[in-house]
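Q: Please find one structure pasted underneath; my questions will follow.
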Amino acid sequence: MTVFWQKDLETMDRASIERIQLERLQHIVKYCYDNVPFYHERLEKAGATPDKIKTLGDVERIPFTTKDDIRDTYPFGLFAVPMKKVVRLHASSGTTGKPTVVGYTKNDLDTWSDLMARLIVAAGGREDDIAQIAFGYGLFTGALGLHYGLERIGATVVPTSSGNTEKSIMLMHDFGTTTLISTPSYALYMSEVAREMGYQKDDFKMRLGLFGSEGSTVEMRNAIEEAWGIFATDNYGMSELMGPGVSGECERREGLHISEDYFLPEIIDGATGETLPRGATGELVITTLGKEAFPLLRYRTKDITRINYDRCECGRTFARMDKVMGRTDDMLKIRGVNVFPTQIESVIVGMKGISPNYQIVVTREGFMDKLEINVELIDETLLERFAELENLQHTIKDKLRSVLGLDAKVNLVQPKQIERFAGKAKRVVDLRNQTKEEK
Amino acid sequence: MVVKQLSVFIENKSGRLVQITEILGKNKIDIRAVSIADTTSFGILRLIVDDPDRAKSVLREAGFTVSITEVIAIAIEDEPGGLSKALRVLSNAQIGVEYMYAFLSKEDKTAYVILRVEDNDEAARVLQAAGIKCLSSEDICNI
């Protein structure tokens, strides 16, 4: 029996979903046109004034909004309500330049909590769970998004935040935490630290993991489930769109259900901006259908995925997106070949003899790109025979070649040589545009 | 009659060997014999020390991947043909040698050879039957 949070909405038929989407699309376009000068001008210029939006397909008339647009209007230029209506601000990490700032009205926070609650319940979270949030709190949306959603379903929230790993693990043990909320890479790191502290997985009451904020492969998820003895699901979102809560896996884990009554998804060709037919893989574009403080029209997420409109066996009717296979930003072009870090991860994680931590290093020798993958050797029994280490190296190299279509150099390194991350893992070091001295 | 050998994984990076030997030195662990096999990117350091178990734990603490393997150590006369005599015995018994390395003693005219073979017990048996002395862990400590 599937358990739902808002059964009526989560199981609407397609016609009802589309009816609500069209109503809300028409409303949000008018709302943006009336309340945000930036959109007013854009929509006028593109001839996509509110009266032109007659069908869902008319969304294609609306120009895209990009992260640069948000930066250019820093800090509050895209807000649709006066500041007195804004009850919360969040901001992205802003690794380059100014952060992107987003705001929420009281209603937005309420909606957000329900959208999170849907995903948490779909992933198996229940009110008797003790849920530890190991995302960094602060301006980042991940921690507070999950926090409010978990409180909404009545779970017990333990807001440990990230960092101070040993203490978090101690609390996890002493409190009988059942659910971990973190990035996939931090969940793995925590399991390593727990082992070092002398804990076995049976010492914990853990049963669920809700992971997000960075993409992860099935292999990575299997490794986490094995390390903690839990059932793990992925959820997806981004601060611009609301935070986490845009989509998430149900217990069937055959894609992430998008809350389509609040987010209108499209898949486009990232290079041309053209809308792609249903079922195609491309860049995800989202129009927020219900946000008050910070609405976005056709926001380019830069995440690459595919949307499946087939009915899920869990009973939810919302379309499912595939796990994000990469970001247009993360895509590496190596000797003309498109490489996504997730492809490399699918080879490394789960491979016997090495840890799931890896680092991708791209360098250039002369005019030739060189791809190197550092992996940590952890199986000491391989030291018995030199040939076994070489075999391991070759196996990884062969698998990478079949997945990527190009040769990579595989370096075995000592355990713990590769940096661990509490937040989003940074796996790629691209040194191609550096001068010799900087290297 | 076997002795314990340490195998340590080392990245081909400067300073690794120094680091390992310093850790052992600081912990008053004496190295009896050492051998290294390497490729361009990594190597395996083989060590015979006076306290292999403690050596393993201190190296592990320092983040190294370490294993202990049982090998045989034999004492042979340090003279031309000394080594071949022992290897002939193994060869006749069809025991293959995976790798080996040797060191000399300080006092007498004896050379010690560490042998990694498929079947330690069988190798030790045929060697001893041929009058070649196999060393115990205590013998190694006392060299």
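Chain identifiers are assigned as A, B, and so on, following the order in which chains appear in the structure tokens; residues are numbered from 1 within each chain, and ligands are numbered from 1 in order of appearance.
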Output as a ChimeraX atom specification all residues of chain B that backbone DSSP marks as helix (DSSP H, G or I).

A: /B:16-26,52-61,82-92,120-129,137-142

Q: Can you list, as a PDB file with N, CA and C atoms, in the first residue's frame, every protein, DNA or RNA residue that comes within 6 Å of Gln5 of chain B when you count only C-alpha atoms, leaving out same-chain residues fewer than 3 positions away?

A:
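Once written, result33.pdb looks like this:
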```
ATOM      1  N   LEU B  47      59.184  -5.651   3.339  1.00  0.00           N
ATOM      2  CA  LEU B  47      60.070  -5.420   4.479  1.00  0.00           C
ATOM      3  C   LEU B  47      60.086  -6.628   5.400  1.00  0.00           C
ATOM      4  N   ILE B  48      61.279  -6.959   5.866  1.00  0.00           N
ATOM      5  CA  ILE B  48      61.381  -7.906   6.973  1.00  0.00           C
ATOM      6  C   ILE B  48      61.863  -7.081   8.160  1.00  0.00           C
ATOM      7  N   ILE B  68      50.427  -8.360   5.736  1.00  0.00           N
ATOM      8  CA  ILE B  68      51.495  -9.264   6.190  1.00  0.00           C
ATOM      9  C   ILE B  68      51.364 -10.576   5.432  1.00  0.00           C
ATOM     10  N   THR B  69      52.469 -11.016   4.874  1.00  0.00           N
ATOM     11  CA  THR B  69      52.512 -12.266   4.134  1.00  0.00           C
ATOM     12  C   THR B  69      53.534 -13.178   4.811  1.00  0.00           C
ATOM     13  N   GLU B  70      53.278 -14.478   4.752  1.00  0.00           N
ATOM     14  CA  GLU B  70      54.297 -15.376   5.280  1.00  0.00           C
ATOM     15  C   GLU B  70      55.220 -15.793   4.151  1.00  0.00           C
TER      16      GLU B  70
END
```

Q: Distance cut-off 8 Å, counting only C-alpha atoms - which residues of chain A neighbour chain B? Return them as number ranges by chain.

A: A: 377-381, 383-384, 386, 411-416

Q: Pull N, CA and C atoms from the residues just selected and write them as a PDB file, in the first residue's frame.

A:
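See part28.pdb below for the written result:
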```
ATOM      1  N   LEU A 377      43.437   2.748  -3.147  1.00  0.00           N
ATOM      2  CA  LEU A 377      43.550   1.304  -2.949  1.00  0.00           C
ATOM      3  C   LEU A 377      43.236   0.989  -1.492  1.00  0.00           C
ATOM      4  N   ILE A 378      42.259   0.121  -1.247  1.00  0.00           N
ATOM      5  CA  ILE A 378      41.976  -0.220   0.153  1.00  0.00           C
ATOM      6  C   ILE A 378      42.104  -1.714   0.433  1.00  0.00           C
ATOM      7  N   ASP A 379      42.159  -2.517  -0.616  1.00  0.00           N
ATOM      8  CA  ASP A 379      42.235  -3.959  -0.380  1.00  0.00           C
ATOM      9  C   ASP A 379      43.693  -4.386  -0.245  1.00  0.00           C
ATOM     10  N   GLU A 380      44.095  -4.635   1.000  1.00  0.00           N
ATOM     11  CA  GLU A 380      45.506  -4.942   1.217  1.00  0.00           C
ATOM     12  C   GLU A 380      45.900  -6.331   0.715  1.00  0.00           C
ATOM     13  N   THR A 381      44.906  -7.191   0.515  1.00  0.00           N
ATOM     14  CA  THR A 381      45.281  -8.531   0.056  1.00  0.00           C
ATOM     15  C   THR A 381      45.853  -8.486  -1.365  1.00  0.00           C
ATOM     16  N   LEU A 383      48.147  -6.712  -2.267  1.00  0.00           N
ATOM     17  CA  LEU A 383      49.594  -6.463  -2.190  1.00  0.00           C
ATOM     18  C   LEU A 383      50.392  -7.749  -2.292  1.00  0.00           C
ATOM     19  N   GLU A 384      49.715  -8.868  -2.099  1.00  0.00           N
ATOM     20  CA  GLU A 384      50.373 -10.159  -2.206  1.00  0.00           C
ATOM     21  C   GLU A 384      51.096 -10.298  -3.534  1.00  0.00           C
ATOM     22  N   PHE A 386      52.047  -8.449  -7.209  1.00  0.00           N
ATOM     23  CA  PHE A 386      52.150  -7.231  -7.984  1.00  0.00           C
ATOM     24  C   PHE A 386      51.155  -7.242  -9.138  1.00  0.00           C
ATOM     25  N   ASN A 411      45.408   6.054 -11.584  1.00  0.00           N
ATOM     26  CA  ASN A 411      46.437   6.075 -10.546  1.00  0.00           C
ATOM     27  C   ASN A 411      45.877   5.487  -9.264  1.00  0.00           C
ATOM     28  N   LEU A 412      46.575   4.466  -8.769  1.00  0.00           N
ATOM     29  CA  LEU A 412      46.191   3.962  -7.456  1.00  0.00           C
ATOM     30  C   LEU A 412      46.897   4.836  -6.431  1.00  0.00           C
ATOM     31  N   VAL A 413      46.136   5.336  -5.476  1.00  0.00           N
ATOM     32  CA  VAL A 413      46.763   6.127  -4.423  1.00  0.00           C
ATOM     33  C   VAL A 413      46.439   5.513  -3.069  1.00  0.00           C
ATOM     34  N   GLN A 414      47.140   5.968  -2.048  1.00  0.00           N
ATOM     35  CA  GLN A 414      46.925   5.429  -0.708  1.00  0.00           C
ATOM     36  C   GLN A 414      45.566   5.885  -0.184  1.00  0.00           C
ATOM     37  N   PRO A 415      45.016   5.116   0.756  1.00  0.00           N
ATOM     38  CA  PRO A 415      43.729   5.516   1.336  1.00  0.00           C
ATOM     39  C   PRO A 415      43.813   6.919   1.924  1.00  0.00           C
ATOM     40  N   LYS A 416      42.689   7.623   1.944  1.00  0.00           N
ATOM     41  CA  LYS A 416      42.547   8.944   2.562  1.00  0.00           C
ATOM     42  C   LYS A 416      43.351  10.030   1.863  1.00  0.00           C
TER      43      LYS A 416
END
```

Q: Could you tell me which of A:Leu78, A:Ala143, A:Ile258, A:Val428 comes closest to Val339 of chain A if we count only C-alpha atoms?

A: A:Val428

Q: Could you produce a table of the residues of segment 184-231 of chain A lying within 10 Å of segment 344-351 of chain A, with the nearest pair of atoms per residue and their separation in Å rounded to one decimal, using only C-alpha atoms, ordered by chain and increasing residue number, as a Markdown table?

A:
```
| residue | atom | partner | partner_atom | distance |
| --- | --- | --- | --- | --- |
| A:Ser216 | CA | A:Glu345 | CA | 8.2 |
| A:Thr217 | CA | A:Ser346 | CA | 6.0 |
| A:Val218 | CA | A:Ser346 | CA | 7.4 |
| A:Glu219 | CA | A:Val349 | CA | 5.5 |
| A:Met220 | CA | A:Val349 | CA | 5.6 |
| A:Arg221 | CA | A:Val349 | CA | 9.0 |
| A:Asn222 | CA | A:Gly350 | CA | 7.6 |
| A:Ala223 | CA | A:Gly350 | CA | 6.3 |
| A:Ile224 | CA | A:Gly350 | CA | 10.0 |
```

Q: Would you save the residues from that selection as a JSON list (two decimals), in the first residue's frame, using N, CA and C atoms?

A:
```json
[["chain", "number", "residue", "atom", "x", "y", "z"],
["A", 216, "SER", "N", 24.04, 11.55, -7.84],
["A", 216, "SER", "CA", 24.74, 10.33, -7.49],
["A", 216, "SER", "C", 24.26, 9.21, -8.39],
["A", 217, "THR", "N", 25.12, 8.26, -8.59],
["A", 217, "THR", "CA", 24.80, 7.14, -9.46],
["A", 217, "THR", "C", 24.18, 6.01, -8.64],
["A", 218, "VAL", "N", 23.62, 5.04, -9.33],
["A", 218, "VAL", "CA", 23.07, 3.87, -8.65],
["A", 218, "VAL", "C", 24.18, 3.16, -7.88],
["A", 219, "GLU", "N", 25.37, 3.13, -8.46],
["A", 219, "GLU", "CA", 26.50, 2.45, -7.82],
["A", 219, "GLU", "C", 26.84, 3.10, -6.48],
["A", 220, "MET", "N", 26.82, 4.45, -6.51],
["A", 220, "MET", "CA", 27.10, 5.20, -5.28],
["A", 220, "MET", "C", 26.02, 4.89, -4.24],
["A", 221, "ARG", "N", 24.78, 4.87, -4.69],
["A", 221, "ARG", "CA", 23.69, 4.60, -3.76],
["A", 221, "ARG", "C", 23.84, 3.20, -3.16],
["A", 222, "ASN", "N", 24.20, 2.23, -3.99],
["A", 222, "ASN", "CA", 24.40, 0.87, -3.47],
["A", 222, "ASN", "C", 25.49, 0.85, -2.41],
["A", 223, "ALA", "N", 26.56, 1.60, -2.66],
["A", 223, "ALA", "CA", 27.67, 1.62, -1.70],
["A", 223, "ALA", "C", 27.21, 2.22, -0.37],
["A", 224, "ILE", "N", 26.40, 3.26, -0.43],
["A", 224, "ILE", "CA", 25.90, 3.90, 0.80],
["A", 224, "ILE", "C", 24.95, 2.95, 1.54]]
```

Q: Could you tell me, as an NGL selection string, which residues of segment 86-300 of chain A DSSP assigns to strand (DSSP E or B) when given the backbone?

A: :A and (86-91 or 101-105 or 130-133 or 156-158 or 179-182 or 208-211 or 231-238 or 243-249 or 256-258 or 263-268 or 275 or 281-288 or 299-300)

Q: Find the spatial neighbours of segment 133-139 of chain B, counting only C-alpha atoms, within a cut-off of 6 Å - ignore same-chain residues fewer than 4 positions away - and output them as an MDAnalysis selection string.

A: chainID B and resid 1:3 73:75 128

Q: Any idea what the distance is between atom CA of Asp114 of chain A and atom CA of Gly77 of chain A?

A: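 Spanning atom CA of Asp114 of chain A to atom CA of Gly77 of chain A is a straight-line distance of 27.0 Å.
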
Q: As a list in words, please: the residues near Met172 of chain A (cut-off 12 Å, only C-alpha atoms, same-chain neighbours under 5 positions excluded).

A: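 So the residues in contact are Ile130, Ala131, Gln132, Ile133, Ala134, Val157, Val158, Pro159, Thr160, Thr165, Glu166, Lys167, Thr177, Thr178, Thr179, Leu180, Ile181, Met190, Ser191, Ala194, Tyr199, Lys201, Asp203, Phe204, Lys205, Met206, Arg207 and Trp228 of chain A.
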
Q: For the residues selected in the previous step, produce a file with C-alpha atoms as a tab-separated table (two decimals), in the first residue's frame.

A:
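Here's the written file part.tsv:
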```tsv
chain	number	residue	atom	x	y	z
A	130	ILE	CA	14.35	10.41	13.94
A	131	ALA	CA	15.94	12.33	11.12
A	132	GLN	CA	19.40	13.78	11.31
A	133	ILE	CA	20.16	16.59	8.91
A	134	ALA	CA	23.82	16.62	7.94
A	157	VAL	CA	14.49	16.49	13.44
A	158	VAL	CA	18.08	16.48	14.69
A	159	PRO	CA	19.74	19.48	13.03
A	160	THR	CA	23.39	18.52	13.45
A	165	THR	CA	31.49	14.37	11.95
A	166	GLU	CA	32.51	12.34	15.00
A	167	LYS	CA	30.07	14.12	17.26
A	177	THR	CA	18.66	8.16	14.49
A	178	THR	CA	16.74	6.31	11.79
A	179	THR	CA	17.12	8.67	8.84
A	180	LEU	CA	20.11	10.51	7.45
A	181	ILE	CA	19.84	13.58	5.27
A	190	MET	CA	30.42	9.41	7.71
A	191	SER	CA	30.38	5.64	7.35
A	194	ALA	CA	31.93	5.56	12.06
A	199	TYR	CA	31.04	1.28	15.26
A	201	LYS	CA	26.37	-0.71	11.09
A	203	ASP	CA	25.12	-0.44	16.27
A	204	PHE	CA	22.81	2.11	14.64
A	205	LYS	CA	19.06	2.19	14.15
A	206	MET	CA	19.44	3.69	10.69
A	207	ARG	CA	16.91	2.62	8.08
A	228	TRP	CA	24.86	1.98	6.51
```

Q: Excluding His27 of chain A and its own-chain neighbours fewer than 2 positions away, which residues fall within 12 Å of it when counting only C-alpha atoms? Please give them as number ranges by chain.

A: A: 20-25, 29-35, 49-51, 53-54, 287-292, 295, 297

Q: Show me, as JSON, numbers by chain, the residues that have an atom within 12 Å of Glu249 of chain A when counting only C-alpha atoms, minus same-chain residues fewer than 4 positions from it.

A: {"A": [116, 118, 119, 120, 121, 122, 123, 124, 125, 209, 210, 211, 212, 231, 232, 233, 234, 235, 236, 245, 253, 254, 255, 256, 257, 258, 259, 312, 314, 316, 318, 319, 320, 321, 322, 323]}

Q: With distances taken over only C-alpha atoms, which residue among B:Leu17, B:Ile23, B:Ile140, B:Leu127 lies nearest Glu61 of chain B?

A: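 Under the stated criterion, the closest residue is B:Ile23.
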
Q: Please list as a PDB file with N, CA and C atoms, in the first residue's frame every residue within 8 Å of segment 395-401 of chain A, counting only C-alpha atoms and excluding residues in the same chain fewer than 4 positions away.

A:
```
ATOM      1  N   ILE A 344      32.100   8.392 -14.894  1.00  0.00           N
ATOM      2  CA  ILE A 344      33.296   7.856 -14.248  1.00  0.00           C
ATOM      3  C   ILE A 344      32.917   7.248 -12.906  1.00  0.00           C
ATOM      4  N   VAL A 347      31.694   3.730 -12.842  1.00  0.00           N
ATOM      5  CA  VAL A 347      32.724   2.694 -12.950  1.00  0.00           C
ATOM      6  C   VAL A 347      33.440   2.489 -11.613  1.00  0.00           C
ATOM      7  N   ILE A 348      33.763   3.598 -10.966  1.00  0.00           N
ATOM      8  CA  ILE A 348      34.600   3.529  -9.760  1.00  0.00           C
ATOM      9  C   ILE A 348      33.849   2.974  -8.552  1.00  0.00           C
ATOM     10  N   ASN A 391      46.436  -5.697 -12.524  1.00  0.00           N
ATOM     11  CA  ASN A 391      45.146  -6.146 -13.062  1.00  0.00           C
ATOM     12  C   ASN A 391      44.032  -5.183 -12.690  1.00  0.00           C
ATOM     13  N   GLY A 405      34.637   5.878 -23.923  1.00  0.00           N
ATOM     14  CA  GLY A 405      35.143   5.892 -25.283  1.00  0.00           C
ATOM     15  C   GLY A 405      36.495   6.577 -25.399  1.00  0.00           C
ATOM     16  N   LEU A 406      37.189   6.711 -24.290  1.00  0.00           N
ATOM     17  CA  LEU A 406      38.560   7.215 -24.396  1.00  0.00           C
ATOM     18  C   LEU A 406      39.432   6.652 -23.278  1.00  0.00           C
ATOM     19  N   ASP A 407      40.727   6.758 -23.475  1.00  0.00           N
ATOM     20  CA  ASP A 407      41.664   6.198 -22.516  1.00  0.00           C
ATOM     21  C   ASP A 407      41.928   7.153 -21.368  1.00  0.00           C
ATOM     22  N   ALA A 408      41.939   6.600 -20.183  1.00  0.00           N
ATOM     23  CA  ALA A 408      42.279   7.404 -19.014  1.00  0.00           C
ATOM     24  C   ALA A 408      43.438   6.725 -18.304  1.00  0.00           C
ATOM     25  N   LYS A 409      44.247   7.518 -17.664  1.00  0.00           N
ATOM     26  CA  LYS A 409      45.310   6.931 -16.846  1.00  0.00           C
ATOM     27  C   LYS A 409      44.729   6.734 -15.453  1.00  0.00           C
ATOM     28  N   VAL A 410      44.907   5.538 -14.921  1.00  0.00           N
ATOM     29  CA  VAL A 410      44.359   5.253 -13.602  1.00  0.00           C
ATOM     30  C   VAL A 410      45.501   5.224 -12.594  1.00  0.00           C
TER      31      VAL A 410
END
```
